[in-house]
Structures are given as C-alpha cells and as structure tokens.
file target_21.cif (mmCIF, N, CA and C atoms, pLDDT in the B column; chains and numbers go by the auth columns)
data_data
loop_
_atom_site.group_PDB
_atom_site.id
_atom_site.type_symbol
_atom_site.label_atom_id
_atom_site.label_comp_id
_atom_site.label_asym_id
_atom_site.label_seq_id
_atom_site.Cartn_x
_atom_site.Cartn_y
_atom_site.Cartn_z
_atom_site.B_iso_or_equiv
_atom_site.auth_seq_id
_atom_site.auth_asym_id
ATOM 1 N N MET A 1 28.945 -54.425 114.067 66.00 1 A
ATOM 2 C CA MET A 1 29.291 -53.764 115.304 66.00 1 A
ATOM 3 C C MET A 1 28.160 -54.014 116.307 66.00 1 A
ATOM 4 N N SER A 2 28.506 -54.512 117.440 78.00 2 A
ATOM 5 C CA SER A 2 27.497 -54.758 118.471 78.00 2 A
ATOM 6 C C SER A 2 27.842 -53.964 119.722 78.00 2 A
ATOM 7 N N TYR A 3 26.812 -53.697 120.457 76.00 3 A
ATOM 8 C CA TYR A 3 26.971 -52.951 121.697 76.00 3 A
ATOM 9 C C TYR A 3 26.217 -53.699 122.776 76.00 3 A
ATOM 10 N N SER A 4 26.871 -53.908 123.881 76.00 4 A
ATOM 11 C CA SER A 4 26.182 -54.569 124.986 76.00 4 A
ATOM 12 C C SER A 4 25.813 -53.521 126.039 76.00 4 A
ATOM 13 N N TYR A 5 24.580 -53.598 126.484 75.00 5 A
ATOM 14 C CA TYR A 5 24.084 -52.676 127.486 75.00 5 A
ATOM 15 C C TYR A 5 24.388 -53.217 128.871 75.00 5 A
ATOM 16 N N PRO A 6 24.579 -52.333 129.824 71.00 6 A
ATOM 17 C CA PRO A 6 24.807 -52.808 131.190 71.00 6 A
ATOM 18 C C PRO A 6 23.600 -53.607 131.680 71.00 6 A
ATOM 19 N N ALA A 7 23.863 -54.583 132.498 78.00 7 A
ATOM 20 C CA ALA A 7 22.796 -55.444 133.001 78.00 7 A
ATOM 21 C C ALA A 7 21.786 -54.663 133.835 78.00 7 A
ATOM 22 N N LYS A 8 22.257 -53.691 134.562 84.00 8 A
ATOM 23 C CA LYS A 8 21.357 -52.936 135.434 84.00 8 A
ATOM 24 C C LYS A 8 21.732 -51.460 135.396 84.00 8 A
ATOM 25 N N VAL A 9 20.723 -50.626 135.284 81.00 9 A
ATOM 26 C CA VAL A 9 20.937 -49.188 135.303 81.00 9 A
ATOM 27 C C VAL A 9 20.466 -48.663 136.653 81.00 9 A
ATOM 28 N N ASN A 10 21.312 -47.910 137.311 86.00 10 A
ATOM 29 C CA ASN A 10 20.948 -47.332 138.603 86.00 10 A
ATOM 30 C C ASN A 10 20.264 -45.990 138.383 86.00 10 A
ATOM 31 N N VAL A 11 19.019 -45.927 138.775 86.00 11 A
ATOM 32 C CA VAL A 11 18.245 -44.691 138.674 86.00 11 A
ATOM 33 C C VAL A 11 18.421 -43.928 139.980 86.00 11 A
ATOM 34 N N PRO A 12 18.791 -42.649 139.902 91.00 12 A
ATOM 35 C CA PRO A 12 18.982 -41.875 141.126 91.00 12 A
ATOM 36 C C PRO A 12 17.700 -41.829 141.965 91.00 12 A
ATOM 37 N N PRO A 13 17.849 -41.844 143.283 92.00 13 A
ATOM 38 C CA PRO A 13 16.669 -41.784 144.159 92.00 13 A
ATOM 39 C C PRO A 13 15.827 -40.552 143.851 92.00 13 A
ATOM 40 N N GLY A 14 14.530 -40.751 143.721 94.00 14 A
ATOM 41 C CA GLY A 14 13.609 -39.652 143.484 94.00 14 A
ATOM 42 C C GLY A 14 13.347 -39.333 142.025 94.00 14 A
ATOM 43 N N LEU A 15 14.208 -39.777 141.118 95.00 15 A
ATOM 44 C CA LEU A 15 14.020 -39.448 139.705 95.00 15 A
ATOM 45 C C LEU A 15 12.737 -40.063 139.153 95.00 15 A
ATOM 46 N N ARG A 16 12.483 -41.304 139.494 94.00 16 A
ATOM 47 C CA ARG A 16 11.258 -41.957 139.022 94.00 16 A
ATOM 48 C C ARG A 16 10.023 -41.194 139.511 94.00 16 A
ATOM 49 N N THR A 17 10.031 -40.794 140.767 96.00 17 A
ATOM 50 C CA THR A 17 8.910 -40.049 141.343 96.00 17 A
ATOM 51 C C THR A 17 8.710 -38.723 140.614 96.00 17 A
ATOM 52 N N LEU A 18 9.809 -38.009 140.349 96.00 18 A
ATOM 53 C CA LEU A 18 9.719 -36.731 139.647 96.00 18 A
ATOM 54 C C LEU A 18 9.153 -36.904 138.243 96.00 18 A
ATOM 55 N N LEU A 19 9.634 -37.916 137.530 96.00 19 A
ATOM 56 C CA LEU A 19 9.161 -38.128 136.165 96.00 19 A
ATOM 57 C C LEU A 19 7.713 -38.611 136.121 96.00 19 A
ATOM 58 N N GLU A 20 7.316 -39.409 137.097 96.00 20 A
ATOM 59 C CA GLU A 20 5.914 -39.824 137.167 96.00 20 A
ATOM 60 C C GLU A 20 5.015 -38.624 137.458 96.00 20 A
ATOM 61 N N GLY A 21 5.449 -37.746 138.343 95.00 21 A
ATOM 62 C CA GLY A 21 4.675 -36.540 138.647 95.00 21 A
ATOM 63 C C GLY A 21 4.538 -35.645 137.434 95.00 21 A
ATOM 64 N N LEU A 22 5.638 -35.451 136.708 96.00 22 A
ATOM 65 C CA LEU A 22 5.599 -34.651 135.489 96.00 22 A
ATOM 66 C C LEU A 22 4.676 -35.298 134.466 96.00 22 A
ATOM 67 N N SER A 23 4.776 -36.599 134.303 96.00 23 A
ATOM 68 C CA SER A 23 3.943 -37.316 133.327 96.00 23 A
ATOM 69 C C SER A 23 2.458 -37.153 133.648 96.00 23 A
ATOM 70 N N ARG A 24 2.112 -37.281 134.909 94.00 24 A
ATOM 71 C CA ARG A 24 0.703 -37.117 135.301 94.00 24 A
ATOM 72 C C ARG A 24 0.223 -35.692 135.012 94.00 24 A
ATOM 73 N N ALA A 25 1.072 -34.721 135.306 94.00 25 A
ATOM 74 C CA ALA A 25 0.700 -33.328 135.066 94.00 25 A
ATOM 75 C C ALA A 25 0.550 -33.054 133.568 94.00 25 A
ATOM 76 N N VAL A 26 1.405 -33.646 132.748 95.00 26 A
ATOM 77 C CA VAL A 26 1.305 -33.473 131.292 95.00 26 A
ATOM 78 C C VAL A 26 0.012 -34.079 130.775 95.00 26 A
ATOM 79 N N VAL A 27 -0.311 -35.288 131.220 94.00 27 A
ATOM 80 C CA VAL A 27 -1.547 -35.937 130.775 94.00 27 A
ATOM 81 C C VAL A 27 -2.762 -35.130 131.200 94.00 27 A
ATOM 82 N N LYS A 28 -2.732 -34.606 132.414 92.00 28 A
ATOM 83 C CA LYS A 28 -3.876 -33.843 132.924 92.00 28 A
ATOM 84 C C LYS A 28 -4.011 -32.495 132.218 92.00 28 A
ATOM 85 N N SER A 29 -2.902 -31.816 131.982 92.00 29 A
ATOM 86 C CA SER A 29 -2.937 -30.465 131.420 92.00 29 A
ATOM 87 C C SER A 29 -2.937 -30.431 129.895 92.00 29 A
ATOM 88 N N ARG A 30 -2.403 -31.468 129.275 95.00 30 A
ATOM 89 C CA ARG A 30 -2.313 -31.551 127.813 95.00 30 A
ATOM 90 C C ARG A 30 -1.736 -30.272 127.197 95.00 30 A
ATOM 91 N N PRO A 31 -0.507 -29.898 127.580 95.00 31 A
ATOM 92 C CA PRO A 31 0.080 -28.653 127.063 95.00 31 A
ATOM 93 C C PRO A 31 0.462 -28.773 125.590 95.00 31 A
ATOM 94 N N ASP A 32 0.522 -27.639 124.908 96.00 32 A
ATOM 95 C CA ASP A 32 0.946 -27.613 123.508 96.00 32 A
ATOM 96 C C ASP A 32 2.440 -27.896 123.385 96.00 32 A
ATOM 97 N N CYS A 33 3.216 -27.400 124.338 96.00 33 A
ATOM 98 C CA CYS A 33 4.671 -27.556 124.297 96.00 33 A
ATOM 99 C C CYS A 33 5.121 -28.248 125.595 96.00 33 A
ATOM 100 N N ILE A 34 5.432 -29.530 125.490 96.00 34 A
ATOM 101 C CA ILE A 34 5.787 -30.300 126.683 96.00 34 A
ATOM 102 C C ILE A 34 7.090 -29.823 127.301 96.00 34 A
ATOM 103 N N SER A 35 8.071 -29.449 126.470 96.00 35 A
ATOM 104 C CA SER A 35 9.350 -29.009 127.043 96.00 35 A
ATOM 105 C C SER A 35 9.191 -27.709 127.833 96.00 35 A
ATOM 106 N N LEU A 36 8.390 -26.774 127.341 97.00 36 A
ATOM 107 C CA LEU A 36 8.137 -25.534 128.083 97.00 36 A
ATOM 108 C C LEU A 36 7.342 -25.841 129.354 97.00 36 A
ATOM 109 N N PHE A 37 6.368 -26.736 129.236 96.00 37 A
ATOM 110 C CA PHE A 37 5.590 -27.138 130.399 96.00 37 A
ATOM 111 C C PHE A 37 6.500 -27.753 131.462 96.00 37 A
ATOM 112 N N ALA A 38 7.427 -28.628 131.045 96.00 38 A
ATOM 113 C CA ALA A 38 8.346 -29.273 131.989 96.00 38 A
ATOM 114 C C ALA A 38 9.221 -28.230 132.686 96.00 38 A
ATOM 115 N N LYS A 39 9.682 -27.250 131.934 97.00 39 A
ATOM 116 C CA LYS A 39 10.502 -26.180 132.520 97.00 39 A
ATOM 117 C C LYS A 39 9.719 -25.441 133.606 97.00 39 A
ATOM 118 N N LEU A 40 8.483 -25.073 133.295 96.00 40 A
ATOM 119 C CA LEU A 40 7.653 -24.362 134.263 96.00 40 A
ATOM 120 C C LEU A 40 7.274 -25.253 135.441 96.00 40 A
ATOM 121 N N TYR A 41 6.989 -26.517 135.143 96.00 41 A
ATOM 122 C CA TYR A 41 6.617 -27.478 136.183 96.00 41 A
ATOM 123 C C TYR A 41 7.734 -27.600 137.219 96.00 41 A
ATOM 124 N N PHE A 42 8.967 -27.813 136.749 96.00 42 A
ATOM 125 C CA PHE A 42 10.075 -27.990 137.690 96.00 42 A
ATOM 126 C C PHE A 42 10.436 -26.695 138.408 96.00 42 A
ATOM 127 N N ALA A 43 10.282 -25.561 137.757 96.00 43 A
ATOM 128 C CA ALA A 43 10.520 -24.276 138.433 96.00 43 A
ATOM 129 C C ALA A 43 9.517 -24.077 139.565 96.00 43 A
ATOM 130 N N GLU A 44 8.248 -24.377 139.294 95.00 44 A
ATOM 131 C CA GLU A 44 7.220 -24.241 140.331 95.00 44 A
ATOM 132 C C GLU A 44 7.387 -25.299 141.421 95.00 44 A
ATOM 133 N N LEU A 45 7.819 -26.490 141.040 96.00 45 A
ATOM 134 C CA LEU A 45 8.063 -27.537 142.031 96.00 45 A
ATOM 135 C C LEU A 45 9.194 -27.127 142.982 96.00 45 A
ATOM 136 N N LEU A 46 10.228 -26.508 142.452 95.00 46 A
ATOM 137 C CA LEU A 46 11.314 -26.006 143.314 95.00 46 A
ATOM 138 C C LEU A 46 10.798 -24.952 144.294 95.00 46 A
ATOM 139 N N ARG A 47 9.952 -24.042 143.793 95.00 47 A
ATOM 140 C CA ARG A 47 9.371 -23.025 144.671 95.00 47 A
ATOM 141 C C ARG A 47 8.514 -23.695 145.753 95.00 47 A
ATOM 142 N N PHE A 48 7.728 -24.681 145.354 95.00 48 A
ATOM 143 C CA PHE A 48 6.869 -25.408 146.291 95.00 48 A
ATOM 144 C C PHE A 48 7.715 -26.134 147.337 95.00 48 A
ATOM 145 N N ARG A 49 8.859 -26.679 146.904 95.00 49 A
ATOM 146 C CA ARG A 49 9.737 -27.388 147.843 95.00 49 A
ATOM 147 C C ARG A 49 10.319 -26.437 148.886 95.00 49 A
ATOM 148 N N THR A 50 10.639 -25.210 148.499 96.00 50 A
ATOM 149 C CA THR A 50 11.183 -24.262 149.484 96.00 50 A
ATOM 150 C C THR A 50 10.136 -23.890 150.523 96.00 50 A
ATOM 151 N N GLU A 51 8.860 -23.948 150.125 94.00 51 A
ATOM 152 C CA GLU A 51 7.769 -23.660 151.062 94.00 51 A
ATOM 153 C C GLU A 51 7.411 -24.874 151.927 94.00 51 A
ATOM 154 N N ASN A 52 7.837 -26.059 151.506 94.00 52 A
ATOM 155 C CA ASN A 52 7.522 -27.311 152.214 94.00 52 A
ATOM 156 C C ASN A 52 8.785 -28.163 152.368 94.00 52 A
ATOM 157 N N PRO A 53 9.768 -27.668 153.098 94.00 53 A
ATOM 158 C CA PRO A 53 11.071 -28.347 153.140 94.00 53 A
ATOM 159 C C PRO A 53 11.078 -29.692 153.867 94.00 53 A
ATOM 160 N N THR A 54 10.060 -29.986 154.639 96.00 54 A
ATOM 161 C CA THR A 54 10.078 -31.228 155.415 96.00 54 A
ATOM 162 C C THR A 54 9.425 -32.405 154.690 96.00 54 A
ATOM 163 N N LEU A 55 8.775 -32.142 153.562 95.00 55 A
ATOM 164 C CA LEU A 55 8.101 -33.224 152.840 95.00 55 A
ATOM 165 C C LEU A 55 9.101 -34.121 152.117 95.00 55 A
ATOM 166 N N ALA A 56 8.881 -35.422 152.183 95.00 56 A
ATOM 167 C CA ALA A 56 9.672 -36.368 151.400 95.00 56 A
ATOM 168 C C ALA A 56 9.278 -36.201 149.929 95.00 56 A
ATOM 169 N N ILE A 57 10.110 -36.682 149.016 95.00 57 A
ATOM 170 C CA ILE A 57 9.906 -36.442 147.587 95.00 57 A
ATOM 171 C C ILE A 57 8.556 -36.953 147.098 95.00 57 A
ATOM 172 N N LYS A 58 8.134 -38.135 147.529 95.00 58 A
ATOM 173 C CA LYS A 58 6.842 -38.669 147.065 95.00 58 A
ATOM 174 C C LYS A 58 5.690 -37.795 147.531 95.00 58 A
ATOM 175 N N ALA A 59 5.704 -37.401 148.785 96.00 59 A
ATOM 176 C CA ALA A 59 4.653 -36.543 149.322 96.00 59 A
ATOM 177 C C ALA A 59 4.698 -35.160 148.664 96.00 59 A
ATOM 178 N N LEU A 60 5.888 -34.657 148.423 95.00 60 A
ATOM 179 C CA LEU A 60 6.056 -33.351 147.798 95.00 60 A
ATOM 180 C C LEU A 60 5.418 -33.330 146.416 95.00 60 A
ATOM 181 N N VAL A 61 5.740 -34.313 145.591 95.00 61 A
ATOM 182 C CA VAL A 61 5.198 -34.369 144.231 95.00 61 A
ATOM 183 C C VAL A 61 3.694 -34.596 144.259 95.00 61 A
ATOM 184 N N ARG A 62 3.230 -35.469 145.135 94.00 62 A
ATOM 185 C CA ARG A 62 1.800 -35.744 145.237 94.00 62 A
ATOM 186 C C ARG A 62 1.030 -34.474 145.621 94.00 62 A
ATOM 187 N N GLU A 63 1.511 -33.763 146.630 94.00 63 A
ATOM 188 C CA GLU A 63 0.826 -32.541 147.062 94.00 63 A
ATOM 189 C C GLU A 63 0.934 -31.432 146.025 94.00 63 A
ATOM 190 N N PHE A 64 2.087 -31.341 145.385 94.00 64 A
ATOM 191 C CA PHE A 64 2.261 -30.325 144.341 94.00 64 A
ATOM 192 C C PHE A 64 1.284 -30.558 143.199 94.00 64 A
ATOM 193 N N ASN A 65 1.153 -31.791 142.758 92.00 65 A
ATOM 194 C CA ASN A 65 0.235 -32.094 141.651 92.00 65 A
ATOM 195 C C ASN A 65 -1.216 -31.904 142.065 92.00 65 A
ATOM 196 N N ALA A 66 -1.497 -31.967 143.355 91.00 66 A
ATOM 197 C CA ALA A 66 -2.864 -31.784 143.830 91.00 66 A
ATOM 198 C C ALA A 66 -3.216 -30.291 143.957 91.00 66 A
ATOM 199 N N THR A 67 -2.215 -29.434 143.953 85.00 67 A
ATOM 200 C CA THR A 67 -2.459 -27.986 144.097 85.00 67 A
ATOM 201 C C THR A 67 -2.684 -27.346 142.741 85.00 67 A
ATOM 202 N N GLU A 68 -3.084 -26.117 142.776 69.00 68 A
ATOM 203 C CA GLU A 68 -3.216 -25.347 141.542 69.00 68 A
ATOM 204 C C GLU A 68 -1.916 -24.617 141.212 69.00 68 A
ATOM 205 N N GLY A 69 -0.831 -24.918 141.947 61.00 69 A
ATOM 206 C CA GLY A 69 0.441 -24.252 141.726 61.00 69 A
ATOM 207 C C GLY A 69 1.173 -24.721 140.484 61.00 69 A
ATOM 208 N N ARG A 70 0.782 -25.902 139.976 64.00 70 A
ATOM 209 C CA ARG A 70 1.478 -26.404 138.798 64.00 70 A
ATOM 210 C C ARG A 70 1.076 -25.605 137.566 64.00 70 A
ATOM 211 N N PRO A 71 1.926 -25.549 136.549 69.00 71 A
ATOM 212 C CA PRO A 71 1.622 -24.758 135.353 69.00 71 A
ATOM 213 C C PRO A 71 0.430 -25.336 134.589 69.00 71 A
ATOM 214 N N ASN A 72 -0.239 -24.480 133.839 64.00 72 A
ATOM 215 C CA ASN A 72 -1.395 -24.927 133.043 64.00 72 A
ATOM 216 C C ASN A 72 -1.037 -25.050 131.595 64.00 72 A
#
call {"tool": "encode", "arguments": {"input": "target_21.cif", "output": "structure tokens"}}
result
Amino acid sequence: MSYSYPAKVNVPPGLRTLLEGLSRAVVKSRPDCISLFAKLYFAELLRFRTENPTLAIKALVREFNATEGRPN
C-alpha cells in the first residue's frame, strides 16, 4: 500500500510566525510541560493582541516574546 503526498502544502498566513514565536519561547523558558506552556502562551498572546490591535502578526509575536507577559 502506498500513499502519495501532495506536492505542496499550503500553510495558513501567520501560522509559521506563531509557531516560530512559540518555539523561541519554549527554548528560552524550558518549561516542564510544553502543552500547558503552549496553552498559556497563546492565551496571553490573545490578550496582548487585544491590547495591540494594529500590530501585524510578525511584529505582534516579536514584541510579545520581548515582554515579560509570556508565561514562565
């Protein structure tokens, strides 16, 4: 049985940026539970986005990771 993969996968706009931001935060914080950290990270990122609605996704993630607002 063989399976052929699609030639190209379309990644939704902003997903790569979000995952890179999460990855950097995980490496920096070294949490015991990555899934719990990710849950808290995205919850805080949503709160940060409501406070900064005009920032583009790349700037939003960059500034969020530079703040102390991200989970520890």
call {"tool": "closest_residue", "arguments": {"input": "target_21.cif", "among": "A:Leu40, A:Asn65, A:Pro13, A:Leu46", "to": "Ala25 in chain A", "atoms": "all atoms listed in the file"}}
result
A:Asn65
call {"tool": "atom_distance", "arguments": {"input": "target_21.cif", "atom1": "CA of Glu51 in chain A", "atom2": "CA of Arg16 in chain A"}}
result
22.2 Å
call {"tool": "residues_around", "arguments": {"input": "target_21.cif", "residues": "Thr17 in chain A", "least_positions_apart": "3", "cutoff": "7 Å", "atoms": "only N, CA and C atoms", "output": "number ranges by chain"}}
result
A: 13-14, 20-22, 57-58, 61
call {"tool": "axis_aligned_box", "arguments": {"input": "target_21.cif", "around": "range 39-58 of chain A", "padding_each_side": "6 Å", "output": "lines of an AutoDock Vina configuration file"}}
result
center_x = 8.5
center_y = -30.8
center_z = 143.7
size_x = 17.6
size_y = 27.6
size_z = 35.5
call {"tool": "decode", "arguments": {"input": "target_21.cif", "residues": "range 21-33 of chain A", "atoms": "all heavy atoms", "output": "CSV table (one decimal), in the first residue's frame"}}
result
chain,number,residue,atom,x,y,z
A,21,GLY,N,7.4,31.8,17.1
A,21,GLY,CA,7.4,32.5,18.3
A,21,GLY,C,7.2,31.6,19.5
A,21,GLY,O,7.9,31.7,20.5
A,22,LEU,N,6.3,30.6,19.4
A,22,LEU,CA,6.1,29.6,20.5
A,22,LEU,C,7.4,28.8,20.7
A,22,LEU,O,7.9,28.6,21.8
A,22,LEU,CB,5.0,28.7,20.1
A,22,LEU,CG,4.8,27.5,21.1
A,22,LEU,CD1,4.5,28.0,22.5
A,22,LEU,CD2,3.7,26.6,20.6
A,23,SER,N,8.1,28.4,19.6
A,23,SER,CA,9.3,27.6,19.7
A,23,SER,C,10.4,28.4,20.4
A,23,SER,O,11.1,27.9,21.3
A,23,SER,CB,9.8,27.2,18.3
A,23,SER,OG,8.8,26.4,17.7
A,24,ARG,N,10.5,29.7,20.1
A,24,ARG,CA,11.6,30.5,20.7
A,24,ARG,C,11.2,30.6,22.2
A,24,ARG,O,12.2,30.6,23.1
A,24,ARG,CB,11.6,31.9,20.1
A,24,ARG,CG,12.3,31.9,18.8
A,24,ARG,CD,12.5,33.3,18.2
A,24,ARG,NE,13.4,33.3,17.1
A,24,ARG,CZ,13.0,33.1,15.9
A,24,ARG,NH1,11.8,32.8,15.6
A,24,ARG,NH2,13.9,33.1,14.9
A,25,ALA,N,10.0,30.8,22.6
A,25,ALA,CA,9.6,31.0,24.0
A,25,ALA,C,9.8,29.7,24.7
A,25,ALA,O,10.3,29.7,25.9
A,25,ALA,CB,8.1,31.4,24.1
A,26,VAL,N,9.6,28.5,24.1
A,26,VAL,CA,9.8,27.2,24.7
A,26,VAL,C,11.3,27.0,25.0
A,26,VAL,O,11.7,26.6,26.1
A,26,VAL,CB,9.2,26.1,23.9
A,26,VAL,CG1,9.8,24.7,24.4
A,26,VAL,CG2,7.7,26.1,23.9
A,27,VAL,N,12.1,27.3,24.0
A,27,VAL,CA,13.6,27.2,24.2
A,27,VAL,C,14.1,28.1,25.3
A,27,VAL,O,14.9,27.7,26.1
A,27,VAL,CB,14.3,27.4,22.8
A,27,VAL,CG1,15.8,27.6,23.0
A,27,VAL,CG2,14.0,26.3,21.8
A,28,LYS,N,13.6,29.3,25.3
A,28,LYS,CA,14.0,30.3,26.3
A,28,LYS,C,13.6,29.9,27.7
A,28,LYS,O,14.3,30.0,28.7
A,28,LYS,CB,13.5,31.7,25.9
A,28,LYS,CG,14.1,32.8,26.8
A,28,LYS,CD,13.7,34.2,26.3
A,28,LYS,CE,14.3,35.2,27.2
A,28,LYS,NZ,14.0,36.6,26.7
A,29,SER,N,12.3,29.5,27.8
A,29,SER,CA,11.7,29.2,29.2
A,29,SER,C,12.0,27.8,29.7
A,29,SER,O,11.9,27.6,30.9
A,29,SER,CB,10.2,29.5,29.1
A,29,SER,OG,10.0,30.8,28.8
A,30,ARG,N,12.2,26.9,28.7
A,30,ARG,CA,12.4,25.5,29.1
A,30,ARG,C,11.4,24.9,30.1
A,30,ARG,O,11.7,24.5,31.2
A,30,ARG,CB,13.8,25.3,29.6
A,30,ARG,CG,14.9,25.7,28.6
A,30,ARG,CD,16.2,25.5,29.1
A,30,ARG,NE,16.4,24.0,29.2
A,30,ARG,CZ,17.5,23.4,29.6
A,30,ARG,NH1,18.6,24.2,29.8
A,30,ARG,NH2,17.6,22.1,29.6
A,31,PRO,N,10.1,25.0,29.7
A,31,PRO,CA,9.0,24.5,30.6
A,31,PRO,C,9.0,23.0,30.8
A,31,PRO,O,9.5,22.3,30.0
A,31,PRO,CB,7.7,25.0,29.9
A,31,PRO,CG,8.1,25.0,28.5
A,31,PRO,CD,9.5,25.4,28.4
A,32,ASP,N,8.5,22.6,31.9
A,32,ASP,CA,8.3,21.2,32.2
A,32,ASP,C,7.3,20.5,31.3
A,32,ASP,O,7.4,19.4,30.9
A,32,ASP,CB,8.0,20.9,33.7
A,32,ASP,CG,9.2,21.3,34.6
A,32,ASP,OD1,10.3,21.2,34.2
A,32,ASP,OD2,8.9,21.7,35.8
A,33,CYS,N,6.2,21.3,31.1
A,33,CYS,CA,5.1,20.8,30.3
A,33,CYS,C,4.9,21.7,29.1
A,33,CYS,O,4.3,22.8,29.3
A,33,CYS,CB,3.8,20.7,31.2
A,33,CYS,SG,2.4,20.0,30.3
